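**Q** Next comes target_3.txt, compact mmCIF, C-alpha atoms:
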```txt
# COMPACT_ATOMS: atom_id res chain seq x y z
CA MET A 274 -23.91 -56.34 52.90
CA HIS A 275 -27.57 -55.98 53.59
CA LEU A 276 -29.74 -55.17 50.55
CA ARG A 277 -30.96 -51.93 52.17
CA SER A 278 -27.38 -50.65 52.77
CA LEU A 279 -26.44 -51.59 49.20
CA THR A 280 -29.40 -49.64 47.91
CA SER A 281 -28.48 -46.61 50.11
CA LEU A 282 -24.88 -46.82 49.01
CA SER A 283 -25.90 -47.01 45.34
CA LEU A 284 -28.29 -44.10 45.80
CA ALA A 285 -25.65 -42.04 47.59
CA SER A 286 -23.13 -42.80 44.88
CA ALA A 287 -25.58 -41.93 42.14
CA ILE A 288 -26.43 -38.59 43.73
CA THR A 289 -22.74 -37.76 44.28
CA LEU A 290 -21.78 -38.69 40.75
CA GLY A 291 -24.78 -36.79 39.43
CA ALA A 292 -23.66 -33.67 41.29
CA LEU A 293 -20.16 -33.95 39.86
CA ALA A 294 -21.32 -34.42 36.24
CA PRO A 295 -21.28 -31.20 34.11
CA VAL A 296 -24.61 -29.46 33.64
CA SER A 297 -24.12 -28.76 29.87
CA ALA A 298 -22.47 -30.93 27.24
CA GLN A 299 -19.49 -28.46 26.93
CA ALA A 300 -17.44 -27.45 29.97
CA ALA A 301 -17.23 -23.65 30.29
CA PRO A 302 -15.35 -21.49 29.28
CA GLU A 303 -15.60 -22.25 25.55
CA ARG A 304 -12.66 -21.50 23.28
CA TYR A 305 -13.31 -20.05 19.82
CA VAL A 306 -11.10 -19.34 16.84
CA ILE A 307 -12.18 -16.34 14.79
CA ASP A 308 -13.26 -17.63 11.39
CA THR A 309 -10.88 -15.69 9.14
CA GLU A 310 -10.45 -18.75 6.96
CA GLY A 311 -14.06 -18.47 5.84
CA ALA A 312 -13.87 -14.70 6.15
CA HIS A 313 -16.79 -14.49 8.56
CA ALA A 314 -15.08 -11.69 10.43
CA PHE A 315 -14.36 -8.13 9.39
CA ILE A 316 -12.29 -5.35 10.88
CA GLN A 317 -13.42 -2.06 9.42
CA PHE A 318 -12.84 1.56 10.18
CA ARG A 319 -14.53 4.74 9.17
CA VAL A 320 -13.39 8.33 9.28
CA LYS A 321 -15.05 11.48 8.00
CA HIS A 322 -13.77 12.88 4.72
CA LEU A 323 -13.59 16.65 5.16
CA GLY A 324 -16.83 16.38 7.12
CA TYR A 325 -18.75 15.63 3.90
CA SER A 326 -18.92 11.83 3.85
CA TRP A 327 -17.71 8.69 5.55
CA LEU A 328 -14.63 6.93 4.27
CA TYR A 329 -14.61 3.21 5.02
CA GLY A 330 -11.66 0.90 5.03
CA ARG A 331 -10.89 -2.63 6.06
CA PHE A 332 -7.99 -4.63 7.34
CA ASN A 333 -8.01 -7.72 5.18
CA ASP A 334 -5.53 -9.82 7.18
CA PHE A 335 -5.98 -10.47 10.88
CA GLY A 336 -6.51 -13.34 13.27
CA GLY A 337 -7.54 -14.07 16.80
CA THR A 338 -9.25 -16.20 19.36
CA PHE A 339 -11.77 -15.63 22.10
CA THR A 340 -13.09 -17.54 25.06
CA TYR A 341 -16.68 -17.28 26.10
CA ASP A 342 -18.04 -18.61 29.36
CA PRO A 343 -21.82 -19.02 29.18
CA ASP A 344 -21.98 -19.75 32.90
CA ASP A 345 -19.91 -16.72 33.85
CA PRO A 346 -19.70 -14.32 30.88
CA SER A 347 -17.43 -11.91 32.71
CA ASN A 348 -14.87 -14.67 32.40
CA SER A 349 -14.76 -14.15 28.64
CA ALA A 350 -11.83 -12.63 26.75
CA ILE A 351 -10.61 -11.91 23.22
CA GLU A 352 -7.27 -11.38 21.50
CA VAL A 353 -6.88 -10.09 17.96
CA GLU A 354 -3.79 -9.39 15.87
CA ILE A 355 -4.05 -7.25 12.72
CA GLU A 356 -1.60 -7.03 9.81
CA THR A 357 -1.57 -3.27 9.34
CA ALA A 358 -0.23 -3.54 5.79
CA SER A 359 -3.45 -5.28 4.77
CA LEU A 360 -5.31 -1.97 4.98
CA ASP A 361 -7.77 -1.61 2.10
CA SER A 362 -9.89 1.41 1.35
CA ASN A 363 -10.35 0.44 -2.29
CA HIS A 364 -7.87 2.99 -3.61
CA ALA A 365 -4.27 2.05 -4.41
CA GLU A 366 -2.80 5.53 -4.05
CA ARG A 367 -4.70 6.31 -0.86
CA ASP A 368 -3.80 2.95 0.70
CA LYS A 369 -0.15 3.51 -0.19
CA HIS A 370 -0.30 6.87 1.58
CA LEU A 371 -2.05 5.35 4.61
CA ARG A 372 0.55 2.60 4.90
CA GLY A 373 3.32 5.18 4.80
CA SER A 374 4.99 7.21 7.51
CA ASP A 375 2.33 9.93 7.35
CA PHE A 376 -0.21 7.53 8.85
CA LEU A 377 0.23 3.90 9.95
CA ASP A 378 3.91 3.48 9.03
CA VAL A 379 3.36 -0.23 8.49
CA SER A 380 6.97 -1.07 7.67
CA LYS A 381 7.86 0.04 11.20
CA TYR A 382 4.68 -1.19 12.86
CA PRO A 383 3.47 -4.22 10.92
CA LYS A 384 1.06 -5.38 13.61
CA ALA A 385 -1.74 -3.90 15.66
CA THR A 386 -3.24 -5.88 18.52
CA PHE A 387 -6.18 -5.83 20.86
CA LYS A 388 -6.24 -7.74 24.12
CA SER A 389 -9.33 -7.54 26.30
CA THR A 390 -9.07 -6.92 30.02
CA SER A 391 -12.71 -7.19 30.97
CA TYR A 392 -16.08 -8.18 29.52
CA LYS A 393 -19.45 -7.42 30.98
CA GLU A 394 -22.87 -8.25 29.63
CA THR A 395 -25.06 -5.24 30.26
CA GLY A 396 -28.33 -6.06 28.60
CA PHE A 397 -30.40 -8.49 26.59
CA ASP A 398 -27.86 -8.57 23.76
CA LYS A 399 -25.41 -5.87 24.71
CA SER A 400 -22.02 -6.05 26.34
CA VAL A 401 -19.09 -3.83 27.12
CA LEU A 402 -15.57 -4.95 26.33
CA GLU A 403 -12.55 -3.18 27.79
CA GLY A 404 -9.05 -3.82 26.64
CA GLU A 405 -5.74 -2.55 25.35
CA LEU A 406 -5.25 -1.52 21.74
CA THR A 407 -1.70 -1.39 20.46
CA LEU A 408 -1.47 0.66 17.28
CA LYS A 409 1.63 2.25 15.79
CA GLY A 410 3.61 1.04 18.77
CA ILE A 411 1.36 2.82 21.28
CA THR A 412 -0.76 0.88 23.79
CA LYS A 413 -3.84 2.51 25.25
CA PRO A 414 -7.06 1.30 26.88
CA ILE A 415 -10.19 1.40 24.77
CA THR A 416 -13.83 0.49 25.33
CA ILE A 417 -15.80 -1.48 22.77
CA GLU A 418 -19.61 -1.48 22.79
CA VAL A 419 -20.62 -4.99 21.80
CA ASP A 420 -23.75 -6.46 20.28
CA ARG A 421 -24.16 -10.18 20.85
CA ILE A 422 -25.48 -11.37 17.50
CA GLY A 423 -26.10 -15.05 18.02
CA ASN A 424 -24.69 -18.50 18.56
CA GLY A 425 -25.49 -22.09 17.78
CA PRO A 426 -24.64 -25.12 15.69
CA ASP A 427 -23.76 -24.74 12.00
CA PRO A 428 -24.86 -27.17 9.23
CA TRP A 429 -21.39 -28.71 9.06
CA GLY A 430 -20.94 -30.08 12.56
CA GLY A 431 -19.49 -27.01 14.19
CA TYR A 432 -20.69 -24.49 16.74
CA ARG A 433 -20.37 -20.75 16.15
CA ARG A 434 -20.80 -17.55 18.11
CA GLY A 435 -20.75 -14.03 16.74
CA PHE A 436 -20.36 -10.48 18.01
CA GLU A 437 -20.07 -7.01 16.59
CA GLY A 438 -18.26 -4.27 18.45
CA ARG A 439 -17.80 -0.56 17.88
CA THR A 440 -15.25 1.76 19.32
CA GLU A 441 -14.01 5.26 18.64
CA PHE A 442 -10.72 6.94 19.39
CA ALA A 443 -8.69 9.97 18.46
CA LEU A 444 -6.06 9.37 15.77
CA LYS A 445 -3.63 11.52 17.73
CA ASP A 446 -3.82 9.13 20.68
CA PHE A 447 -2.03 6.55 18.57
CA GLY A 448 0.56 8.78 16.99
CA ILE A 449 -1.34 9.69 13.82
CA ASP A 450 -1.31 13.47 13.64
CA TYR A 451 -1.57 14.17 9.91
CA ASN A 452 -3.99 17.03 9.43
CA LEU A 453 -7.13 15.64 7.82
CA GLY A 454 -9.23 18.57 8.91
CA PRO A 455 -11.31 19.26 12.03
CA ALA A 456 -14.04 16.74 11.18
CA SER A 457 -11.62 13.85 11.00
CA ARG A 458 -9.88 13.80 14.34
CA LYS A 459 -11.57 10.56 15.42
CA VAL A 460 -11.82 7.18 13.78
CA GLU A 461 -14.49 4.57 14.44
CA MET A 462 -13.64 0.91 14.30
CA ILE A 463 -16.20 -1.81 13.69
CA LEU A 464 -15.06 -5.29 14.71
CA THR A 465 -17.27 -8.10 13.51
CA VAL A 466 -16.27 -11.59 14.55
CA GLU A 467 -17.67 -15.07 14.23
CA GLY A 468 -15.81 -17.72 16.13
CA ILE A 469 -15.82 -21.46 15.61
CA ARG A 470 -15.88 -23.31 18.89
CA GLN A 471 -12.88 -25.59 19.37
CA MET B 9 17.54 17.91 -42.20
CA TRP B 10 14.87 16.03 -40.25
CA LYS B 11 16.60 12.71 -40.37
CA ASN B 12 20.07 11.82 -39.18
CA THR B 13 22.92 11.28 -41.58
CA ARG B 14 26.28 9.66 -41.10
CA GLN B 15 27.56 13.19 -40.57
CA GLY B 16 25.30 14.09 -37.68
CA TYR B 17 21.87 14.28 -36.02
CA GLY B 18 18.80 15.66 -37.74
CA ILE B 19 16.43 18.18 -36.20
CA ILE B 20 13.98 15.56 -34.93
CA ALA B 21 16.64 13.67 -32.97
CA ILE B 22 18.02 16.91 -31.55
CA GLY B 23 14.56 18.16 -30.63
CA LEU B 24 13.57 14.89 -28.96
CA HIS B 25 16.82 14.82 -26.99
CA TRP B 26 16.38 18.26 -25.44
CA LEU B 27 12.67 17.79 -24.83
CA VAL B 28 13.45 14.68 -22.80
CA ALA B 29 16.39 16.47 -21.14
CA ILE B 30 13.95 19.09 -19.82
CA LEU B 31 11.07 16.77 -18.93
CA VAL B 32 13.03 14.14 -16.99
CA PRO B 33 14.70 16.42 -14.41
CA GLY B 34 11.44 18.37 -14.27
CA LEU B 35 9.46 15.25 -13.40
CA PHE B 36 12.12 14.23 -10.87
CA ALA B 37 11.92 17.56 -9.07
CA LEU B 38 8.13 17.55 -9.21
CA GLY B 39 8.01 14.01 -7.86
CA LEU B 40 10.26 14.76 -4.90
CA TRP B 41 8.32 17.92 -4.06
CA MET B 42 4.82 16.53 -4.46
CA VAL B 43 5.19 13.60 -2.03
CA ASP B 44 5.82 16.04 0.82
CA LEU B 45 2.63 17.98 0.18
CA THR B 46 -0.18 17.51 2.65
CA TYR B 47 -3.96 17.65 2.54
CA TYR B 48 -4.31 21.42 2.73
CA ASP B 49 -1.52 22.36 0.31
CA THR B 50 -2.91 23.91 -2.86
CA TRP B 51 -1.01 21.53 -5.12
CA TYR B 52 -1.76 18.37 -3.14
CA ARG B 53 -3.97 16.90 -5.86
CA THR B 54 -2.79 18.88 -8.89
CA ALA B 55 0.92 18.08 -8.66
CA PRO B 56 0.55 14.28 -8.76
CA SER B 57 -2.00 14.63 -11.55
CA ILE B 58 0.45 16.65 -13.65
CA HIS B 59 3.30 14.28 -12.78
CA LYS B 60 1.36 11.25 -13.98
CA SER B 61 -0.01 12.94 -17.08
CA VAL B 62 3.41 14.18 -18.22
CA GLY B 63 4.89 10.78 -17.33
CA VAL B 64 2.48 9.02 -19.66
CA LEU B 65 3.23 11.51 -22.45
CA LEU B 66 6.95 11.02 -21.84
CA PHE B 67 6.45 7.28 -22.29
CA ALA B 68 4.90 7.93 -25.71
CA LEU B 69 7.69 10.38 -26.53
CA LEU B 70 10.43 7.93 -25.61
CA ALA B 71 8.75 5.09 -27.49
CA LEU B 72 8.67 7.37 -30.52
CA ARG B 73 12.30 8.28 -29.93
CA VAL B 74 13.40 4.63 -29.83
CA LEU B 75 11.48 3.98 -33.04
CA TRP B 76 13.04 7.03 -34.68
CA ARG B 77 16.48 5.86 -33.64
CA LEU B 78 15.86 2.43 -35.18
CA VAL B 79 14.77 3.78 -38.58
CA ASN B 80 17.48 6.44 -38.79
CA PRO B 81 21.11 6.13 -39.82
CA ARG B 82 23.48 6.45 -36.89
CA PRO B 83 25.89 9.36 -37.08
CA SER B 84 29.40 7.98 -37.17
CA PRO B 85 31.22 8.42 -33.87
CA GLU B 86 33.47 11.41 -33.42
CA PRO B 87 36.88 10.36 -34.74
CA THR B 88 38.65 11.73 -31.68
CA LEU B 89 36.82 9.38 -29.29
CA SER B 90 38.82 6.62 -27.65
CA ARG B 91 37.57 3.07 -27.68
CA PHE B 92 36.68 3.38 -24.00
CA GLU B 93 34.71 6.56 -24.63
CA ARG B 94 32.83 4.95 -27.48
CA ARG B 95 31.96 1.91 -25.37
CA ALA B 96 31.13 3.87 -22.23
CA SER B 97 28.88 6.37 -24.01
CA GLY B 98 27.04 3.53 -25.75
CA LEU B 99 26.50 1.86 -22.40
CA VAL B 100 25.32 5.03 -20.66
CA HIS B 101 22.90 5.91 -23.45
CA GLY B 102 21.44 2.41 -23.52
CA LEU B 103 21.17 2.40 -19.73
CA LEU B 104 19.39 5.74 -19.75
CA TYR B 105 16.73 4.35 -22.09
CA LEU B 106 16.35 1.19 -19.99
CA LEU B 107 16.18 2.98 -16.66
CA LEU B 108 13.73 5.54 -17.98
CA PHE B 109 11.36 2.84 -19.16
CA GLY B 110 11.75 1.17 -15.78
CA VAL B 111 10.85 4.41 -14.01
CA MET B 112 7.78 4.97 -16.14
CA VAL B 113 6.48 1.41 -15.93
CA SER B 114 6.96 1.26 -12.17
CA GLY B 115 5.21 4.60 -11.78
CA TYR B 116 2.33 3.29 -13.86
CA LEU B 117 2.11 0.20 -11.64
CA ILE B 118 1.69 2.33 -8.50
CA SER B 119 -1.41 4.16 -9.61
CA THR B 120 -3.01 1.24 -11.43
CA ALA B 121 -2.44 -1.32 -8.66
CA ASP B 122 -6.15 -1.28 -7.81
CA GLY B 123 -7.34 -1.46 -11.39
CA ARG B 124 -7.87 2.28 -11.73
CA PRO B 125 -6.75 3.92 -14.99
CA ILE B 126 -4.43 6.93 -15.14
CA GLU B 127 -6.08 10.11 -16.40
CA VAL B 128 -3.89 12.15 -18.73
CA PHE B 129 -4.83 15.81 -18.44
CA GLY B 130 -8.50 14.75 -18.61
CA LEU B 131 -8.08 13.94 -22.30
CA PHE B 132 -7.71 10.18 -22.20
CA ALA B 133 -7.07 7.44 -19.68
CA VAL B 134 -4.48 4.68 -19.64
CA PRO B 135 -6.13 1.48 -18.39
CA ALA B 136 -4.65 -0.76 -15.75
CA THR B 137 -3.12 -4.06 -16.80
CA LEU B 138 -1.16 -5.69 -14.01
CA THR B 139 -3.12 -5.27 -10.78
CA GLY B 140 -3.52 -6.75 -7.33
CA LEU B 141 0.02 -8.03 -6.91
CA PRO B 142 0.93 -8.28 -3.22
CA GLY B 143 2.29 -4.96 -2.05
CA GLN B 144 2.23 -3.74 -5.65
CA ALA B 145 1.85 -0.03 -5.00
CA ASP B 146 4.52 0.03 -2.31
CA ARG B 147 7.08 -2.09 -4.16
CA ALA B 148 6.53 -0.28 -7.45
CA GLY B 149 6.91 2.95 -5.51
CA ASP B 150 10.29 1.93 -4.10
CA ILE B 151 11.51 0.83 -7.52
CA HIS B 152 10.20 4.05 -9.07
CA LEU B 153 12.21 6.20 -6.68
CA ILE B 154 15.42 4.16 -6.86
CA LEU B 155 15.42 4.02 -10.66
CA ALA B 156 14.60 7.73 -10.87
CA MET B 157 17.60 8.55 -8.71
CA ALA B 158 19.74 6.26 -10.85
CA VAL B 159 18.54 8.10 -13.97
CA MET B 160 19.43 11.47 -12.46
CA VAL B 161 22.92 10.29 -11.48
CA LEU B 162 23.51 8.82 -14.92
CA ALA B 163 22.10 11.93 -16.62
CA GLY B 164 24.48 13.99 -14.54
CA VAL B 165 27.41 11.87 -15.68
CA HIS B 166 26.14 12.15 -19.24
CA ALA B 167 25.93 15.95 -19.03
CA LEU B 168 29.33 16.30 -17.38
CA ALA B 169 30.87 14.08 -20.03
CA ALA B 170 29.38 16.26 -22.76
CA LEU B 171 30.85 19.36 -21.12
CA LYS B 172 34.19 17.63 -20.78
CA HIS B 173 34.21 16.86 -24.48
CA HIS B 174 33.24 20.42 -25.29
CA PHE B 175 35.48 22.44 -22.98
CA ILE B 176 38.39 20.10 -22.32
CA ASP B 177 38.67 17.94 -25.42
CA ARG B 178 37.26 20.73 -27.59
CA ASP B 179 35.62 18.24 -29.94
CA ARG B 180 32.21 18.28 -31.67
CA THR B 181 30.35 15.95 -29.31
CA LEU B 182 28.09 18.58 -27.75
CA ILE B 183 27.84 20.62 -30.93
CA ARG B 184 26.44 17.59 -32.74
CA MET B 185 23.48 17.66 -30.34
CA LEU B 186 22.96 21.40 -30.77
CA ARG B 187 22.76 21.80 -34.52
CA ARG B 188 22.50 19.85 -37.74
CA PRO B 189 25.70 18.95 -39.52
CA ALA B 190 26.87 21.45 -42.12
CA PRO B 191 25.81 20.27 -45.60
CA SER B 192 28.57 18.04 -46.94
CA VAL B 193 30.65 19.39 -49.74
CA GLU B 194 29.88 16.58 -52.18
```
Let me see the structure of the file written as structure tokens.

**A**
Amino acid sequence: MHLRSLTSLSLASAITLGALAPVSAQAAPERYVIDTEGAHAFIQFRVKHLGYSWLYGRFNDFGGTFTYDPDDPSNSAIEVEIETASLDSNHAERDKHLRGSDFLDVSKYPKATFKSTSYKETGFDKSVLEGELTLKGITKPITIEVDRIGNGPDPWGGYRRGFEGRTEFALKDFGIDYNLGPASRKVEMILTVEGIRQ
Amino acid sequence: MWKNTRQGYGIIAIGLHWLVAILVPGLFALGLWMVDLTYYDTWYRTAPSIHKSVGVLLFALLALRVLWRLVNPRPSPEPTLSRFERRASGLVHGLLYLLLFGVMVSGYLISTADGRPIEVFGLFAVPATLTGLPGQADRAGDIHLILAMAVMVLAGVHALAALKHHFIDRDRTLIRMLRRPAPSVE
């Protein structure tokens, strides 16, 4: 071949290959495992006690994964599974009652799950997550208001991303109708997750 | 008259027996009733508090009773009892002690599962010892109920047997647990 054609061919090839190469080092969407091993995730709830104070509790055992697509965030999703028997409000007798048939009935419903159906970033660090919560055998759509906390490399060779979400729903919607008084019809859940990128 | 003799039970043994005979069915009934109470029932908090307080006192009472039994002479068995009746009654009595201690310990393990002590009528508190076992409160709760039901069944058998001895056999079995033996003509 002529030198000029070779140069053109090389140039054309270089441009084509350059266009095909990924823009970032990691191909989107990114897959994360929620860091329950290091306990950098918390699933908490709070409900009013008689209208005089907040009662907080936590589910100690849960797990999940999420995918996050930096190039197209609406392509992100999360799945979480909670062991309902791991409920912990720092009171043995109360937790026993909550695990029982009056409330969560954990022997019948040992797992609660959340599966997202849509994710939309709405502001500088805010997002809205929609999905289905299955609690006490009942599946209903809920909306979680999310704060994007941060993301980046960790000192041990990994990459992490964290969010905190809040949602609120009526206990009755999920089959919990024990009378706790008029101030305690709704429960707030606070889901704090840090994922380690796979 | 306080202590037992070979002829029969002393006042202390008789008193302890009937005190326990009242407290145990009482606690059983209270326990079954209190777990169905809800937030706005007047006795929602008081009933469990009484149940636990009396339960702790019963533990002390039964420990005392076992001790008393060990340092006292055993009344000789009624001569009219068959070998089966002697064996069976010994077994039932021993089982009642064992099951009762099982009920009380398991009940204790429910409330102290998180390290909290049990308040006894606001006078003193029994500290937690074994805590944080997986599912401790729930498992102890199941054991507590099952053993309590076993105690009630066994106590029922025990009571019926006593009535059988009294009304059918017409022997002194029940009488021995109602009054001290007549002073021996020695």

**Q** For Ala167 (chain B), which residue out of B:Ile126, B:Leu182, B:Pro56, B:Val32 is the nearest one, using only C-alpha atoms?

**A**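 When distances to Ala167 (chain B) are compared using only C-alpha atoms, the smallest one comes from B:Leu182.
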
**Q** Given only C-alpha atoms, how would the per-residue table for chain A near chain B read, listing every residue at most 10 Å away with its closest atom pair and distance in Å to one decimal, sorted by chain and number, as a tab-separated table?

**A**
```
residue	atom	partner	partner_atom	distance
A:Ala358	CA	B:Gly143	CA	8.4
A:Ser359	CA	B:Gly143	CA	8.9
A:Asn363	CA	B:Asp122	CA	7.1
A:His364	CA	B:Asp122	CA	6.2
A:Ala365	CA	B:Asp122	CA	5.1
A:Glu366	CA	B:Ser119	CA	5.9
A:Arg367	CA	B:Ser119	CA	9.6
A:Asp368	CA	B:Ala145	CA	8.6
A:Lys369	CA	B:Asp146	CA	6.2
A:His370	CA	B:Asp146	CA	9.2
A:Arg372	CA	B:Asp146	CA	8.6
A:Gly373	CA	B:Asp146	CA	8.9
A:Asp375	CA	B:Thr46	CA	9.3
A:Tyr451	CA	B:Thr46	CA	8.1
A:Asn452	CA	B:Tyr47	CA	6.9
A:Leu453	CA	B:Tyr47	CA	6.5
A:Gly454	CA	B:Tyr47	CA	8.3
```

**Q** Can you pull out the residues contacting Ser84 (chain B)? Cut-off 10 Å, using only C-alpha atoms, and skip same-chain residues under 5 positions away; I want them as a list in words.

**A**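 Final neighbour list, sorted by chain and number: Thr13, Arg14, Gln15, Gly16 and Tyr17 of chain B.
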
**Q** To one decimal place, how far is CA of Ile469 (chain A) from CA of Glu354 (chain A) in Å?

**A**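 Pair CA of Ile469 (chain A) / CA of Glu354 (chain A) returns 17.0 Å.
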
**Q** Which is closest to Tyr392 (chain A) among A:Pro455, A:Gly404, A:Gly311, A:Pro414, if we use only C-alpha atoms?

**A** A:Gly404

**Q** Rank A:Ile355, A:Leu360, A:Ala456, A:Ala314 by their smallest atom-to-atom distance to Phe436 (chain A), using all atoms listed in the file, and report the top residue only.

**A** A:Ala314

**Q** Would you mind reading off the distance between CA of Val74 (chain B) and CA of Leu104 (chain B), one decimal, in Å?

**A**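 Interatomic distance, CA of Val74 (chain B) to CA of Leu104 (chain B): 11.8 Å.
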
**Q** Tell me which of A:Ala312, A:Ile463, A:Ala385, A:Ala301 sits closest to Leu406 (chain A), counting all atoms listed in the file.

**A** A:Ala385

**Q** To one decimal place, how far is CA of Ala21 (chain B) from CA of Arg77 (chain B) in Å?

**A** 7.8 Å

**Q** Have a look at B:Leu89, B:Pro33, B:Thr50, B:Pro83 and name the one nearest to Met185 (chain B); count only C-alpha atoms.

**A** B:Pro83

**Q** Considering all atoms listed in the file, state which residue in the set A:Glu352, A:Asp345, A:Asp378, A:Glu405 is at the smallest distance from Pro302 (chain A).

**A**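 Nearest candidate to Pro302 (chain A) out of A:Glu352, A:Asp345, A:Asp378, A:Glu405: A:Asp345.
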
**Q** Would you pick out the contacts of region 326-338 of chain A at 10 Å or less, using all atoms listed in the file, so that residues sharing its chain but fewer than 6 positions from it are not included, and give the list as an MDAnalysis selection string?

**A** chainID A and resid 304:310 312 314:320 350:364 368 384:388 457 460:464 466:470

**Q** Hey, what's within 9 Å of region 173-179 of chain B if we count only C-alpha atoms and toss same-chain stuff fewer than 5 positions away? As a JSON list (two decimals) with C-alpha atoms, in the coordinates of the input, please?

**A**
```json
[["chain", "number", "residue", "atom", "x", "y", "z"],
["B", 86, "GLU", "CA", 33.47, 11.41, -33.42],
["B", 88, "THR", "CA", 38.65, 11.73, -31.68],
["B", 89, "LEU", "CA", 36.82, 9.38, -29.29],
["B", 168, "LEU", "CA", 29.33, 16.30, -17.38]]
```
